[in-house]
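J.: I am sharing structure_35.txt, which consists of compact mmCIF, C-alpha atoms and all ligand atoms:
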```
# COMPACT_ATOMS: atom_id res chain seq x y z
CA MET A 159 -9.52 -8.28 26.14
CA LYS A 160 -8.41 -7.28 22.67
CA LYS A 161 -5.16 -5.37 22.44
CA ILE A 162 -4.81 -3.58 19.10
CA ILE A 163 -1.34 -2.26 18.34
CA LEU A 164 -0.16 -0.28 15.31
CA THR A 165 3.54 -0.26 14.45
CA SER A 166 5.62 1.16 11.63
CA VAL A 167 8.93 -0.63 11.07
CA ARG A 168 11.69 -0.24 8.45
CA THR A 169 12.42 -3.58 6.75
CA LYS A 170 15.98 -3.59 8.13
CA ASP A 171 14.51 -3.69 11.66
CA LEU A 172 11.98 -6.48 11.07
CA LYS A 173 12.49 -9.82 12.82
CA LYS A 174 12.43 -13.04 10.82
CA GLU A 175 9.14 -14.12 12.46
CA GLN A 176 7.53 -10.81 11.50
CA ILE A 177 8.50 -11.31 7.83
CA LEU A 178 7.00 -14.80 7.97
CA SER A 179 3.75 -13.46 9.50
CA ILE A 180 3.55 -10.80 6.77
CA CYS A 181 4.03 -13.43 4.06
CA LYS A 182 1.37 -15.67 5.64
CA LEU A 183 -1.13 -12.81 5.84
CA LYS A 184 -0.46 -11.84 2.21
CA ASN A 185 -0.80 -15.45 1.15
CA SER A 186 -4.26 -15.67 2.71
CA PHE A 187 -5.47 -13.35 -0.07
CA TRP A 188 -2.85 -13.45 -2.86
CA SER A 189 -2.20 -17.17 -2.67
CA TRP A 190 1.06 -18.01 -4.38
CA SER A 191 2.61 -20.16 -1.58
CA ILE A 192 4.70 -19.11 1.39
CA PRO A 193 8.12 -19.81 -0.22
CA LYS A 194 7.10 -17.61 -3.20
CA GLN A 195 5.93 -14.84 -0.86
CA LEU A 196 9.23 -15.00 1.03
CA GLU A 197 11.18 -14.93 -2.22
CA TRP A 198 9.23 -11.88 -3.40
CA PHE A 199 9.74 -10.15 -0.07
CA LYS A 200 13.50 -10.77 -0.16
CA GLY A 201 13.82 -9.61 -3.74
CA ASN A 202 11.53 -6.58 -3.74
CA VAL A 203 11.24 -5.07 -0.30
CA LYS A 204 14.12 -2.72 0.45
CA LYS A 205 15.82 -1.99 3.78
CA MET A 206 14.29 1.46 4.09
CA ASP A 207 10.77 0.49 3.02
CA ILE A 208 8.13 0.88 5.69
CA ASN A 209 6.02 -1.96 7.03
CA ASN A 210 2.87 -0.78 8.79
CA MET A 211 1.37 -3.50 10.92
CA LEU A 212 -1.82 -3.89 12.91
CA THR A 213 -1.70 -6.64 15.52
CA ILE A 214 -4.40 -7.96 17.82
CA ASN A 215 -3.06 -9.79 20.86
CA ASP A 216 0.28 -10.10 19.04
CA ASN A 217 -1.24 -11.65 15.90
CA LEU A 218 -0.73 -9.83 12.61
CA VAL A 219 -4.18 -8.91 11.30
CA GLY A 220 -3.48 -5.93 9.02
CA TYR A 221 -0.55 -4.83 6.91
CA THR A 222 0.57 -2.18 4.44
CA LEU A 223 3.91 -1.79 2.70
CA LEU A 224 5.16 1.68 1.84
CA ARG A 225 7.96 1.31 -0.70
CA LYS A 226 10.33 4.26 -0.92
CA ARG A 227 10.84 4.75 -4.62
CA SER A 228 11.70 7.33 -7.29
CA THR A 229 9.58 9.61 -9.38
CA PHE A 230 10.48 12.17 -12.02
CA ILE A 231 8.51 15.28 -12.75
CA GLU A 232 9.95 17.26 -15.65
CA LYS A 233 13.24 15.38 -15.30
CA LYS A 234 13.51 16.37 -11.65
CA HIS A 235 13.93 13.51 -9.23
CA PHE A 236 11.82 13.07 -6.08
CA SER A 237 11.25 10.16 -3.77
CA TYR A 238 7.77 9.00 -2.91
CA PHE A 239 6.11 6.04 -1.19
CA TYR A 240 4.50 3.44 -3.39
CA PHE A 241 1.52 2.22 -1.36
CA ASP A 242 1.42 -1.56 -1.65
CA THR A 243 -0.22 -4.63 -0.12
CA PHE A 244 -3.03 -3.07 1.91
CA ILE A 245 -4.70 -6.01 3.63
CA VAL A 246 -6.85 -6.96 6.61
CA HIS A 247 -7.22 -10.67 7.41
CA SER A 248 -10.55 -12.00 6.07
CA SER A 249 -11.81 -13.03 9.55
CA PHE A 250 -11.40 -9.45 10.78
CA ARG A 251 -12.91 -7.46 7.88
CA LYS A 252 -15.90 -5.10 8.08
CA LYS A 253 -15.11 -4.17 11.67
CA GLY A 254 -13.37 -0.88 11.00
CA LEU A 255 -9.82 -2.23 11.14
CA GLY A 256 -9.16 -1.24 7.51
CA GLU A 257 -10.12 2.28 8.50
CA THR A 258 -7.83 2.19 11.56
CA LEU A 259 -4.92 0.98 9.45
CA MET A 260 -5.64 3.48 6.66
CA LEU A 261 -5.64 6.42 9.10
CA PHE A 262 -2.34 5.14 10.49
CA ASN A 263 -0.87 4.79 6.96
CA ASN A 264 -1.89 8.38 6.19
CA LYS A 265 -0.37 9.63 9.42
CA ILE A 266 2.95 7.91 8.66
CA ILE A 267 3.02 9.23 5.07
CA LYS A 268 2.41 12.78 6.28
CA SER A 269 5.04 12.51 9.00
CA LEU A 270 7.61 11.45 6.38
CA LYS A 271 6.82 14.56 4.32
CA LYS A 272 6.53 12.72 1.01
CA HIS A 273 3.64 11.92 -1.20
CA SER A 274 2.28 8.44 -1.73
CA PHE A 275 0.91 6.82 -4.86
CA LEU A 276 -1.16 3.68 -5.33
CA ILE A 277 -2.88 1.83 -8.10
CA CYS A 278 -6.12 -0.04 -7.60
CA LYS A 279 -9.10 -1.54 -9.35
CA LYS A 280 -12.18 0.61 -9.85
CA ASN A 281 -14.14 -0.94 -6.95
CA LEU A 282 -11.65 0.34 -4.36
CA ILE A 283 -11.50 3.99 -5.47
CA SER A 284 -14.37 5.00 -3.21
CA PHE A 285 -12.66 3.37 -0.23
CA TYR A 286 -9.48 5.41 -0.68
CA VAL A 287 -11.41 8.62 -1.47
CA LYS A 288 -12.98 8.28 1.98
CA PHE A 289 -9.49 8.66 3.42
CA ASN A 290 -8.64 11.76 1.40
CA TRP A 291 -6.74 10.04 -1.38
CA LYS A 292 -7.17 11.83 -4.72
CA ILE A 293 -7.67 10.32 -8.14
CA LEU A 294 -4.77 11.00 -10.51
CA PRO A 295 -6.11 11.06 -14.08
CA VAL A 296 -4.56 8.41 -16.29
CA THR A 297 -3.06 11.07 -18.58
CA ARG A 298 -1.11 12.57 -15.68
CA PHE A 299 1.13 9.63 -14.80
CA LYS A 300 3.11 6.80 -16.28
CA ILE A 301 4.39 3.72 -14.48
CA MET A 302 7.76 3.05 -16.02
CA ASP A 303 8.66 -0.41 -14.82
CA HIS A 304 5.63 -2.31 -13.60
CA ARG A 305 2.42 -3.86 -14.85
CA PRO A 306 0.07 -5.39 -12.25
CA PHE A 307 -1.03 -8.97 -12.84
CA TRP A 308 -4.66 -7.79 -13.10
CA PHE A 309 -3.81 -5.30 -15.89
CA THR A 310 -6.11 -5.52 -18.90
CA ASN A 311 -5.67 -2.11 -20.47
CA LYS A 312 -4.37 1.30 -19.45
CA SER A 313 -7.73 2.46 -18.14
CA SER A 314 -8.01 -0.57 -15.80
CA ILE A 315 -5.30 1.06 -13.68
CA ASN A 316 -6.57 3.75 -11.36
CA GLY A 317 -3.87 5.95 -9.91
CA MET A 318 -4.39 7.77 -6.62
CA THR A 319 -2.22 10.03 -4.50
CA TYR A 320 -2.05 11.22 -0.92
CA ASN A 321 -0.26 14.26 0.48
CA PHE A 322 0.51 15.50 -3.03
CA SER A 323 0.52 19.08 -4.21
CA ASN A 324 -2.34 19.68 -6.59
CA LYS A 325 -0.25 22.41 -8.22
CA VAL A 326 1.78 19.80 -10.13
CA LYS A 327 0.29 19.66 -13.59
CA LYS A 328 3.09 17.89 -15.50
CA LYS A 329 3.21 14.18 -16.20
CA ILE A 330 4.60 12.15 -13.30
CA LEU A 331 6.87 9.22 -14.07
CA TYR A 332 6.75 6.57 -11.37
CA TYR A 333 9.33 3.84 -10.80
CA ILE A 334 8.24 0.94 -8.62
CA ASN A 335 10.65 -1.93 -9.12
CA SER A 336 13.89 -0.69 -10.56
CA LYS A 337 16.81 0.78 -8.68
CA LYS A 338 16.47 4.15 -10.47
C1 LIG B 1 -9.84 -3.45 1.59
C2 LIG B 1 -9.76 -3.99 3.01
C3 LIG B 1 -8.34 -3.78 3.56
C4 LIG B 1 -10.78 -3.26 3.90
O1 LIG B 1 -10.64 -3.71 5.23
P1 LIG B 1 -11.87 -3.73 6.28
O2 LIG B 1 -11.26 -3.99 7.63
O3 LIG B 1 -12.94 -4.64 5.84
O4 LIG B 1 -12.35 -2.22 6.19
P2 LIG B 1 -13.29 -1.46 7.23
O5 LIG B 1 -14.09 -2.42 8.03
O6 LIG B 1 -12.45 -0.51 8.01
O7 LIG B 1 -14.20 -0.62 6.25
C5 LIG B 1 -14.17 0.75 6.21
C6 LIG B 1 -15.16 1.19 5.19
O8 LIG B 1 -14.74 0.86 3.86
C7 LIG B 1 -15.73 0.10 3.17
N1 LIG B 1 -15.07 -0.91 2.35
C8 LIG B 1 -14.42 -1.99 2.78
N2 LIG B 1 -13.96 -2.70 1.73
C9 LIG B 1 -14.32 -2.03 0.61
C10 LIG B 1 -14.14 -2.25 -0.78
N3 LIG B 1 -13.50 -3.33 -1.25
N4 LIG B 1 -14.64 -1.32 -1.64
C11 LIG B 1 -15.31 -0.23 -1.20
N5 LIG B 1 -15.52 0.03 0.12
C12 LIG B 1 -15.03 -0.86 1.01
C13 LIG B 1 -16.56 -0.53 4.26
O9 LIG B 1 -17.87 -0.81 3.78
C14 LIG B 1 -16.54 0.55 5.33
O10 LIG B 1 -17.48 1.56 5.04
P3 LIG B 1 -18.56 2.04 6.13
O11 LIG B 1 -17.72 2.46 7.32
O12 LIG B 1 -19.25 3.16 5.44
O13 LIG B 1 -19.36 0.83 6.38
C15 LIG B 1 -10.09 -5.51 3.07
O14 LIG B 1 -11.34 -5.73 2.47
C16 LIG B 1 -9.04 -6.42 2.40
O15 LIG B 1 -8.04 -6.79 2.99
N6 LIG B 1 -9.31 -6.79 1.14
C17 LIG B 1 -8.41 -7.71 0.44
C18 LIG B 1 -7.14 -7.05 -0.02
C19 LIG B 1 -7.39 -5.85 -0.94
O16 LIG B 1 -8.22 -5.89 -1.83
N7 LIG B 1 -6.61 -4.79 -0.70
C20 LIG B 1 -6.65 -3.60 -1.47
C21 LIG B 1 -5.65 -3.68 -2.57
S1 LIG B 1 -5.68 -2.20 -3.56
```
Rewrite the structure from the file as structure tokens, please.

T.:
Amino acid sequence: MKKIILTSVRTKDLKKEQILSICKLKNSFWSWSIPKQLEWFKGNVKKMDINNMLTINDNLVGYTLLRKRSTFIEKKHFSYFYFDTFIVHSSFRKKGLGETLMLFNNKIIKSLKKHSFLICKKNLISFYVKFNWKILPVTRFKIMDHRPFWFTNKSSINGMTYNFSNKVKKKILYYINSKK
């Protein structure tokens, strides 16, 4: 019998084996090598970041990283969750597990009372819209310290938010990597 479990764990509470499983899962799609994945994890994932995991019979099948980071709106500082690394293992796709994980991610974001922001390619917009994420027009935000490897021009980056007040009309400055 399949036992599906969803857990949300701060990085500081992750076990070494869990970090290795996360890196292996990520490497099955973004294949850089396990040592490189581990190096990236060590260098970029902070203690208070949130690791949402979907396991089936104790095997990691789905993962999302919510990175607690800074944003400025009219020079006022807020924290938000940068939604990163949403993945379901290729052997388990198209079975509704992405949906299960996405609903869990949304629930966690709401419970933390912050908004979340992601960037994606055009083909995934409709997926996130299905889960109540909203498109943030390109003129409304600026990413201050990051350029994805698939960047070609500014309009190739689609910004989306969840749990965000639609009253905010000013430009939103997002930090993803730096300590700011
Ligand atoms: C995106 C991803 C997590 C979806 O996982 P999944 O388990 O296959 O998703 P589900 O089975 O729950 O699908 C839910 C719905 O989304 C749709 N969907 C899945 N992948 C999609 C995609 N790439 N674009 C648009 N819709 C998609 C499915 O068709 C399904 O719709 P339906 O219920 O109307 O049939 C998975 O394809 C994946 O890991 N991809 C590689 C990593 C990636 O691209 N991550 C996103 C980075 S921004």

J.: As a PyMOL selection string, please: every protein or nucleic acid residue near ligand LIG 1 (chain B) (cut-off 12 Å, counting all atoms listed in the file).

T.: chain A and resi 183-189+212+219-223+240-263+275-289+306+308+315-318

J.: Need the neighbours of (-1.1, 8.0, 3.7): which residues are at most 8 Å away, counting all atoms listed in the file, as a list in words?

T.: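 Here the neighbourhood of the point contains Met260, Leu261, Phe262, Asn263, Asn264, Lys265, Ile266, Ile267, Lys268, His273, Ser274, Trp291, Tyr320 and Asn321 of chain A.
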
J.: Let me see the file: selected residues, C-alpha atoms, as a PDB file, in the frame of the given file.

T.:
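Output file again-v3.pdb is given in full below:
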```pdb
ATOM      1  CA  MET A 260      -5.640   3.480   6.660  1.00  0.00           C
ATOM      2  CA  LEU A 261      -5.640   6.420   9.100  1.00  0.00           C
ATOM      3  CA  PHE A 262      -2.340   5.140  10.490  1.00  0.00           C
ATOM      4  CA  ASN A 263      -0.870   4.790   6.960  1.00  0.00           C
ATOM      5  CA  ASN A 264      -1.890   8.380   6.190  1.00  0.00           C
ATOM      6  CA  LYS A 265      -0.370   9.630   9.420  1.00  0.00           C
ATOM      7  CA  ILE A 266       2.950   7.910   8.660  1.00  0.00           C
ATOM      8  CA  ILE A 267       3.020   9.230   5.070  1.00  0.00           C
ATOM      9  CA  LYS A 268       2.410  12.780   6.280  1.00  0.00           C
ATOM     10  CA  HIS A 273       3.640  11.920  -1.200  1.00  0.00           C
ATOM     11  CA  SER A 274       2.280   8.440  -1.730  1.00  0.00           C
ATOM     12  CA  TRP A 291      -6.740  10.040  -1.380  1.00  0.00           C
ATOM     13  CA  TYR A 320      -2.050  11.220  -0.920  1.00  0.00           C
ATOM     14  CA  ASN A 321      -0.260  14.260   0.480  1.00  0.00           C
TER      15      ASN A 321
END
```

J.: Suppose you want the space between atom CA of A:Ser179 and atom CA of A:His304; what is it in Å?

T.: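 Computing the Euclidean distance for atom CA of A:Ser179 and atom CA of A:His304 yields 25.7 Å.
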
J.: Show me the residues close to (14.9, -3.1, 8.1) - anything with an atom within 12 Å, counting only C-alpha atoms - and format the list as a PyMOL selection string.

T.: chain A and resi 166-174+176-177+199-200+203-209

J.: Using all atoms listed in the file, can you tell me which of A:Pro295, A:Lys226, A:Val326, A:Leu218 comes closest to A:Ser314?

T.: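 When distances to A:Ser314 are compared using all atoms listed in the file, the smallest one comes from A:Pro295.
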
J.: Excluding A:Asn202 and residues on its chain fewer than 3 positions from it, collect all residues at most 10 Å away from it, counting all atoms listed in the file, and give them as an mmCIF file with C-alpha atoms, in the frame of the given file.

T.:
```cif
data_model
loop_
_atom_site.group_PDB
_atom_site.id
_atom_site.type_symbol
_atom_site.label_atom_id
_atom_site.label_comp_id
_atom_site.auth_asym_id
_atom_site.auth_seq_id
_atom_site.Cartn_x
_atom_site.Cartn_y
_atom_site.Cartn_z
ATOM 1 C CA LEU A 196 9.230 -15.000 1.030
ATOM 2 C CA GLU A 197 11.180 -14.930 -2.220
ATOM 3 C CA TRP A 198 9.230 -11.880 -3.400
ATOM 4 C CA PHE A 199 9.740 -10.150 -0.070
ATOM 5 C CA LYS A 205 15.820 -1.990 3.780
ATOM 6 C CA ASP A 207 10.770 0.490 3.020
ATOM 7 C CA ARG A 225 7.960 1.310 -0.700
ATOM 8 C CA ILE A 334 8.240 0.940 -8.620
ATOM 9 C CA ASN A 335 10.650 -1.930 -9.120
ATOM 10 C CA SER A 336 13.890 -0.690 -10.560
#
```

J.: Looking at all atoms listed in the file, which of A:Ser228, A:Ser269, A:Thr319, A:Asn217 is the one that sits closest to A:Asn290?

T.: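 Counting all atoms listed in the file, the residue closest to A:Asn290 is A:Thr319.
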
J.: Can you work out which one of A:Ile192, A:Leu331, A:Ile293, A:Leu178 has the shortest atom-to-atom distance to A:Lys233, counting all atoms listed in the file?

T.: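 When distances to A:Lys233 are compared using all atoms listed in the file, the smallest one comes from A:Leu331.
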
J.: Between atom CA of A:Trp190 and atom CA of A:Glu175, what is the spacing in Å?

T.: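 Computing it gives 19.1 Å between the two atoms.
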
J.: Go ahead and compute the interatomic distance for atom CA of A:Gln195 and atom CA of A:Ser237, in Å to one decimal.

T.: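 Going from atom CA of A:Gln195 over to atom CA of A:Ser237 covers 25.7 Å.
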
J.: Measuring atom to atom with all atoms listed in the file, identify which of A:Asn210, A:Asn215, A:Tyr333, A:Lys272 is nearest to A:Phe239.

T.: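 Closest residue, counting all atoms listed in the file: A:Lys272.
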